[in-house]
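Remarks on the structure that follows.
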Amino acid sequence: DNCRPGVKVGLTATIGRADRADFSSEHWRPYGGRPAPPAPPAPPAAPPDQRISVVIPARNEEDRIAGCLVPLLKDPAVGEVIVVNDESRDETARLAERLGATVVRGRPLPAGWVGKQWALHQGVAAAAGPVVVLLDADTRPEPGLCTALAERLRTCDLVTAGPRFLCGGVAEQALHASFLAGLVYRFGPIGPAAPSPDRILANGQCMAFRKDAMVEADGFARVRRHLTDDVALARLLARDGWRVGFVDAGALLGVDMHESAAQVWREWGRSLPLRDVTAPDRLVLDVAVLWLTTALPVLRLAAGRPTPLDLGLLAQRLLLAAALRGSYAGPRLGLALSPLLDVATAVRLTQAAVRPVRTWRGRTYGDDAVSPPGLGRAAAGLVRGAVPPARPARNAAR
């Protein structure tokens, strides 16, 4: 059982692997210029009471949501696709309905909630299936993704998945890969168990769980103030005894997160410090690791005074850039250039750690949305005023 509490089963967001044997088949790999083999036969539809409910929170997503909905609505394992329209001012809801999704009209945001958690709370409540898969509107699922996630729930209580990233240009990919490399230096490569729940990573773009267990745990209400909601939820539930697995789904899931390098800088740089789920002393250490291992070697090389240690760290960084090829669709020159942006990445993450951004999707949140510096290890991941931890879900104590 490789899904003990805190174990990362696989992490596309860290190092791309050539074989993806954990989570995919040969049919889902890119073939370059070679013709792809015939598509495998569609799996039989699951009985209605076993079908998967997919929940997608959406706020002004009319330009991106179709690419997520169309493959899901054709998947025989998916019983329903629920789009929670989070007070969109565009055509998101009408487009989703026209394509065939069930649209839940999101209620006004209550005080003390961050918008995404409120949308997910409503969507999970509306779901009819025993298994719920959460996807962001910018994801691009392949056939079989939801079935594979549901299979993982045989040994896990919460599954979160790393995607294959789609980047539009060299600058965007270079900056994105620099941020991604920073996660490797802070949290390590694929496979090893996190030393504690406080070091678990999660990807809120793709999660799966059993509905009854999540309703009992009241997870989204308990992390309702967190801007880094995905990591907060995974760490919270791991403390409750849930088995949390991070799988490599790069062959079955793509994500087109950003439209430009400027958007990567603004949006990913906002969340990657994980300030609201990291104790102050640990946050200082994380930032120091990035400066010492990635930024300073580049600065000393540019000044013409690199030490042997600097050269060794730079060589290691180039090897990591090569390993990250599997995390991107259509790797470009940006991956090779990404080490040159490590200084800028360190600056951005330091800035966001010191002065966190509290504006997201047109909403501005108060200081309490960046919770825990003062909460301590036992309460990190919980929010002030939240309900006490629920009992571990079924099988979670094993």
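Residue numbering restarts at 1 in every chain; chains get A, B, ... in the order shown in the structure tokens, and ligands count up from 1 in that same order.
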Just asking: which residues within region 228-386 of chain A are helix (DSSP H, G or I) according to DSSP, as a ChimeraX atom specification?
/A:229-239,261-271,275-277,280-302,308-327,333-354,367-369,372-374,376-379
Do a neighbour search on region 123-133 of chain A at 8 Å with only C-alpha atoms, toss out local chain neighbours closer than 4 positions, and write the hits as number ranges by chain.
A: 49-57, 79-80, 82-84, 104, 119, 146, 149-150, 206-212, 215
Residue contacts of Gly169 (chain A) (12 Å, only C-alpha atoms) excluding same-chain residues fewer than 2 positions away, as a ChimeraX atom specification:
/A:166-167,171-176,258-262,264,328-335
Got time to write the residues from that selection, all heavy atoms, as a compact mmCIF listing (two decimals), in the first residue's frame?
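Saved the output as part_28.txt:
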# COMPACT_ATOMS: atom_id res chain seq x y z
N LEU A 166 0.58 22.98 -20.33
CA LEU A 166 0.57 23.55 -21.67
C LEU A 166 0.99 25.01 -21.57
O LEU A 166 0.33 25.80 -20.92
CB LEU A 166 -0.84 23.45 -22.29
CG LEU A 166 -1.53 22.08 -22.18
CD1 LEU A 166 -2.96 22.17 -22.68
CD2 LEU A 166 -0.75 21.04 -22.96
N CYS A 167 2.10 25.35 -22.21
CA CYS A 167 2.61 26.72 -22.17
C CYS A 167 2.68 27.27 -23.59
O CYS A 167 3.09 26.57 -24.52
CB CYS A 167 3.99 26.78 -21.52
SG CYS A 167 3.98 26.36 -19.76
N ALA A 171 9.01 32.31 -23.21
CA ALA A 171 9.11 33.05 -21.95
C ALA A 171 8.18 32.45 -20.90
O ALA A 171 8.56 32.30 -19.74
CB ALA A 171 8.80 34.52 -22.19
N GLU A 172 6.96 32.13 -21.31
CA GLU A 172 6.01 31.56 -20.36
C GLU A 172 6.51 30.22 -19.81
O GLU A 172 6.47 29.97 -18.61
CB GLU A 172 4.65 31.37 -21.03
CG GLU A 172 3.60 30.77 -20.12
CD GLU A 172 2.28 30.47 -20.82
OE1 GLU A 172 2.03 31.07 -21.90
OE2 GLU A 172 1.51 29.64 -20.31
N GLN A 173 7.02 29.36 -20.71
CA GLN A 173 7.50 28.06 -20.25
C GLN A 173 8.74 28.20 -19.38
O GLN A 173 8.90 27.49 -18.38
CB GLN A 173 7.80 27.15 -21.44
CG GLN A 173 8.13 25.73 -21.02
CD GLN A 173 8.37 24.82 -22.21
OE1 GLN A 173 9.35 24.98 -22.92
NE2 GLN A 173 7.46 23.89 -22.44
N ALA A 174 9.63 29.11 -19.72
CA ALA A 174 10.85 29.28 -18.94
C ALA A 174 10.53 29.72 -17.51
O ALA A 174 11.08 29.18 -16.54
CB ALA A 174 11.77 30.31 -19.61
N LEU A 175 9.64 30.69 -17.36
CA LEU A 175 9.29 31.15 -16.02
C LEU A 175 8.51 30.07 -15.26
O LEU A 175 8.76 29.83 -14.07
CB LEU A 175 8.47 32.44 -16.11
CG LEU A 175 8.11 33.09 -14.77
CD1 LEU A 175 9.37 33.43 -13.98
CD2 LEU A 175 7.26 34.34 -14.99
N HIS A 176 7.60 29.42 -15.95
CA HIS A 176 6.82 28.35 -15.32
C HIS A 176 7.74 27.24 -14.83
O HIS A 176 7.60 26.75 -13.69
CB HIS A 176 5.80 27.81 -16.32
CG HIS A 176 4.76 26.92 -15.72
ND1 HIS A 176 5.01 25.61 -15.38
CD2 HIS A 176 3.47 27.16 -15.38
CE1 HIS A 176 3.90 25.07 -14.86
NE2 HIS A 176 2.96 25.98 -14.86
N HIS A 258 -2.11 29.45 -17.80
CA HIS A 258 -1.84 30.87 -17.98
C HIS A 258 -1.77 31.24 -19.46
O HIS A 258 -1.52 30.38 -20.30
CB HIS A 258 -0.52 31.25 -17.30
CG HIS A 258 -0.46 30.84 -15.85
ND1 HIS A 258 0.35 29.81 -15.40
CD2 HIS A 258 -1.13 31.30 -14.77
CE1 HIS A 258 0.19 29.68 -14.10
NE2 HIS A 258 -0.70 30.56 -13.69
N GLU A 259 -1.94 32.51 -19.73
CA GLU A 259 -1.91 32.99 -21.11
C GLU A 259 -0.61 33.69 -21.46
O GLU A 259 -0.36 33.98 -22.63
CB GLU A 259 -3.08 33.96 -21.33
CG GLU A 259 -4.45 33.29 -21.17
CD GLU A 259 -5.59 34.26 -21.35
OE1 GLU A 259 -5.30 35.48 -21.53
OE2 GLU A 259 -6.76 33.85 -21.32
N SER A 260 0.23 33.98 -20.48
CA SER A 260 1.47 34.72 -20.74
C SER A 260 2.42 34.55 -19.57
O SER A 260 2.02 34.09 -18.48
CB SER A 260 1.17 36.21 -20.93
OG SER A 260 0.66 36.77 -19.72
N ALA A 261 3.68 34.95 -19.79
CA ALA A 261 4.65 34.92 -18.71
C ALA A 261 4.25 35.88 -17.59
O ALA A 261 4.46 35.60 -16.41
CB ALA A 261 6.04 35.27 -19.25
N ALA A 262 3.65 37.01 -17.96
CA ALA A 262 3.21 37.98 -16.94
C ALA A 262 2.16 37.36 -16.03
O ALA A 262 2.15 37.61 -14.81
CB ALA A 262 2.66 39.23 -17.62
N VAL A 264 1.86 34.11 -15.38
CA VAL A 264 2.56 33.14 -14.53
C VAL A 264 3.18 33.86 -13.34
O VAL A 264 3.06 33.42 -12.19
CB VAL A 264 3.65 32.40 -15.33
CG1 VAL A 264 4.49 31.50 -14.42
CG2 VAL A 264 3.04 31.56 -16.45
N TYR A 328 5.70 18.73 -19.43
CA TYR A 328 5.19 19.74 -20.37
C TYR A 328 4.78 19.09 -21.69
O TYR A 328 5.40 18.14 -22.15
CB TYR A 328 6.26 20.81 -20.65
CG TYR A 328 6.51 21.69 -19.44
CD1 TYR A 328 7.46 21.34 -18.50
CD2 TYR A 328 5.76 22.85 -19.24
CE1 TYR A 328 7.67 22.12 -17.38
CE2 TYR A 328 5.97 23.63 -18.12
CZ TYR A 328 6.92 23.26 -17.20
OH TYR A 328 7.11 24.04 -16.08
N ALA A 329 3.74 19.62 -22.26
CA ALA A 329 3.33 19.22 -23.60
C ALA A 329 4.11 20.08 -24.59
O ALA A 329 4.01 21.30 -24.56
CB ALA A 329 1.83 19.44 -23.79
N GLY A 330 4.90 19.46 -25.43
CA GLY A 330 5.70 20.22 -26.38
C GLY A 330 6.81 21.01 -25.73
O GLY A 330 6.79 22.24 -25.77
N PRO A 331 7.77 20.36 -25.06
CA PRO A 331 8.88 21.09 -24.45
C PRO A 331 9.60 21.96 -25.48
O PRO A 331 9.84 21.54 -26.60
CB PRO A 331 9.80 19.98 -23.93
CG PRO A 331 8.92 18.79 -23.80
CD PRO A 331 7.91 18.91 -24.91
N ARG A 332 9.93 23.17 -25.08
CA ARG A 332 10.59 24.12 -25.98
C ARG A 332 11.89 24.61 -25.36
O ARG A 332 12.34 24.12 -24.32
CB ARG A 332 9.66 25.30 -26.26
CG ARG A 332 8.38 24.91 -27.00
CD ARG A 332 7.57 26.18 -27.32
NE ARG A 332 6.39 25.87 -28.10
CZ ARG A 332 5.21 25.50 -27.59
NH1 ARG A 332 5.08 25.39 -26.28
NH2 ARG A 332 4.18 25.25 -28.35
N LEU A 333 12.43 25.62 -25.98
CA LEU A 333 13.66 26.23 -25.50
C LEU A 333 13.50 26.77 -24.08
O LEU A 333 14.48 26.91 -23.36
CB LEU A 333 14.06 27.35 -26.46
CG LEU A 333 15.35 28.11 -26.18
CD1 LEU A 333 16.54 27.16 -26.23
CD2 LEU A 333 15.52 29.24 -27.19
N GLY A 334 12.27 27.05 -23.68
CA GLY A 334 12.02 27.60 -22.35
C GLY A 334 12.58 26.75 -21.23
O GLY A 334 13.05 27.28 -20.22
N LEU A 335 12.52 25.43 -21.37
CA LEU A 335 13.04 24.57 -20.32
C LEU A 335 14.54 24.77 -20.13
O LEU A 335 15.03 24.87 -19.01
CB LEU A 335 12.75 23.11 -20.65
CG LEU A 335 11.36 22.60 -20.30
CD1 LEU A 335 11.14 21.22 -20.90
CD2 LEU A 335 11.17 22.56 -18.81
Report, in Å with one decimal, the straight-line distance from CA of Tyr365 (chain A) to CA of Arg275 (chain A).
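Taking CA of Tyr365 (chain A) and CA of Arg275 (chain A), their separation equals 14.7 Å.
The nearest approach to Val289 (chain A) among the residues A:Gly115, A:Gly188, A:Pro306, A:Gly269, with only C-alpha atoms taken into account, belongs to A:Gly188.
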Residue with the minimum atom-to-atom distance to Leu183 (chain A), picked from A:Val354, A:Ala336, A:Ala251, A:Leu272 with only C-alpha atoms counted, is A:Leu272
So that I can check the surroundings of Ala315 (chain A), please list as a PyMOL selection string every protein, DNA and RNA residue that reaches within 12 Å of it, counting only C-alpha atoms and ignoring chain neighbours fewer than 5 positions away.
chain A and resi 293-294+297-298+308-310+320-322+336+339
Write to file, as a PDB file, in the first residue's frame, the residues of the selection just made, with N, CA, C and O atoms.
ATOM      1  N   THR A 293      20.478  27.554  -3.327  1.00  0.00           N
ATOM      2  CA  THR A 293      20.709  26.464  -4.283  1.00  0.00           C
ATOM      3  C   THR A 293      20.441  26.849  -5.732  1.00  0.00           C
ATOM      4  O   THR A 293      20.959  26.186  -6.644  1.00  0.00           O
ATOM      5  N   THR A 294      19.651  27.888  -5.976  1.00  0.00           N
ATOM      6  CA  THR A 294      19.325  28.226  -7.362  1.00  0.00           C
ATOM      7  C   THR A 294      19.723  29.650  -7.738  1.00  0.00           C
ATOM      8  O   THR A 294      20.307  29.863  -8.798  1.00  0.00           O
ATOM      9  N   PRO A 297      24.020  30.799  -7.109  1.00  0.00           N
ATOM     10  CA  PRO A 297      24.968  30.293  -8.111  1.00  0.00           C
ATOM     11  C   PRO A 297      24.874  31.030  -9.440  1.00  0.00           C
ATOM     12  O   PRO A 297      25.910  31.285 -10.088  1.00  0.00           O
ATOM     13  N   VAL A 298      23.657  31.395  -9.867  1.00  0.00           N
ATOM     14  CA  VAL A 298      23.506  32.154 -11.112  1.00  0.00           C
ATOM     15  C   VAL A 298      24.127  33.539 -10.966  1.00  0.00           C
ATOM     16  O   VAL A 298      24.825  34.037 -11.873  1.00  0.00           O
ATOM     17  N   PRO A 308      33.436  26.091  -7.096  1.00  0.00           N
ATOM     18  CA  PRO A 308      33.126  24.723  -7.543  1.00  0.00           C
ATOM     19  C   PRO A 308      31.737  24.265  -7.096  1.00  0.00           C
ATOM     20  O   PRO A 308      31.055  23.548  -7.826  1.00  0.00           O
ATOM     21  N   LEU A 309      31.321  24.681  -5.893  1.00  0.00           N
ATOM     22  CA  LEU A 309      29.985  24.318  -5.431  1.00  0.00           C
ATOM     23  C   LEU A 309      28.916  24.953  -6.323  1.00  0.00           C
ATOM     24  O   LEU A 309      27.917  24.308  -6.673  1.00  0.00           O
ATOM     25  N   ASP A 310      29.143  26.212  -6.705  1.00  0.00           N
ATOM     26  CA  ASP A 310      28.190  26.871  -7.608  1.00  0.00           C
ATOM     27  C   ASP A 310      28.071  26.112  -8.923  1.00  0.00           C
ATOM     28  O   ASP A 310      26.957  25.900  -9.430  1.00  0.00           O
ATOM     29  N   LEU A 320      17.945  18.903 -13.838  1.00  0.00           N
ATOM     30  CA  LEU A 320      16.541  18.979 -13.447  1.00  0.00           C
ATOM     31  C   LEU A 320      15.687  19.552 -14.575  1.00  0.00           C
ATOM     32  O   LEU A 320      14.570  19.072 -14.837  1.00  0.00           O
ATOM     33  N   ALA A 321      16.205  20.563 -15.272  1.00  0.00           N
ATOM     34  CA  ALA A 321      15.470  21.120 -16.406  1.00  0.00           C
ATOM     35  C   ALA A 321      15.203  20.052 -17.457  1.00  0.00           C
ATOM     36  O   ALA A 321      14.116  19.998 -18.041  1.00  0.00           O
ATOM     37  N   ALA A 322      16.187  19.200 -17.693  1.00  0.00           N
ATOM     38  CA  ALA A 322      15.986  18.115 -18.657  1.00  0.00           C
ATOM     39  C   ALA A 322      14.934  17.127 -18.157  1.00  0.00           C
ATOM     40  O   ALA A 322      14.103  16.638 -18.930  1.00  0.00           O
ATOM     41  N   ALA A 336      15.277  24.845 -21.232  1.00  0.00           N
ATOM     42  CA  ALA A 336      16.723  25.038 -21.145  1.00  0.00           C
ATOM     43  C   ALA A 336      17.072  26.411 -20.588  1.00  0.00           C
ATOM     44  O   ALA A 336      18.096  26.577 -19.912  1.00  0.00           O
ATOM     45  N   PRO A 339      16.812  28.020 -15.951  1.00  0.00           N
ATOM     46  CA  PRO A 339      17.727  28.370 -14.857  1.00  0.00           C
ATOM     47  C   PRO A 339      18.107  29.851 -14.839  1.00  0.00           C
ATOM     48  O   PRO A 339      18.421  30.390 -13.769  1.00  0.00           O
TER      49      PRO A 339
END
Within 10 Å of Arg89 (chain A) using only C-alpha atoms, minus same-chain residues under 6 positions, as a short mmCIF file (atom, residue, chain, number, x, y, z; two decimals) with N, CA and C atoms, in the first residue's frame:
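Wrote it out as selection_22.cif, contents follow:
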data_model
loop_
_atom_site.label_atom_id
_atom_site.label_comp_id
_atom_site.auth_asym_id
_atom_site.auth_seq_id
_atom_site.Cartn_x
_atom_site.Cartn_y
_atom_site.Cartn_z
N ARG A 59 -15.72 30.60 -12.50
CA ARG A 59 -16.01 32.03 -12.36
C ARG A 59 -15.42 32.73 -13.58
N ASN A 60 -16.29 33.17 -14.48
CA ASN A 60 -15.87 33.85 -15.71
C ASN A 60 -14.90 32.99 -16.53
N GLU A 61 -15.35 31.80 -16.89
CA GLU A 61 -14.50 30.83 -17.59
C GLU A 61 -15.02 30.48 -18.98
N GLU A 62 -15.78 31.37 -19.62
CA GLU A 62 -16.38 31.01 -20.91
C GLU A 62 -15.34 30.68 -21.97
#
Name the residues in contact with Ile65 (chain A) at a cut-off of 9 Å, using only C-alpha atoms, excluding same-chain residues fewer than 3 positions from it; report them as a list of chain:residue names.
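Here the answer would be A:Ala58, A:Glu61, A:Glu62, A:Cys68, A:Leu69, A:Val70, A:Thr92, A:Leu95, A:Ala96, A:Asp136, A:Ala137, A:Asp138, A:Thr139.
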Which of these, A:Glu142, A:Asp286, A:Asp198, A:Glu87, has the shortest distance to Leu349 (chain A) once you count only C-alpha atoms?
A:Asp286
Name all residues at most 8 Å from Pro143 (chain A) (count only C-alpha atoms; drop same-chain ones fewer than 6 positions away) and give them as a list in words.
Pro71, Leu72, Asp75 and Leu252 of chain A
Here is a test: counting only C-alpha atoms, which residue of A:Trp118, A:Ala77, A:Leu337, A:Gly250 is nearest to Arg225 (chain A)?
A:Trp118
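Among the residues of region 294-368 of chain A, backbone DSSP assigns strand (DSSP E) to A:Thr359, A:Trp360, A:Arg363, A:Thr364.
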Interatomic distance between CA of Ala279 (chain A) and CA of Gln263 (chain A)?
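Taking CA of Ala279 (chain A) and CA of Gln263 (chain A), their separation equals 27.1 Å.
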Between CA of Val159 (chain A) and CA of Phe246 (chain A), what is the distance in Å, rounded to a tenth?
6.0 Å
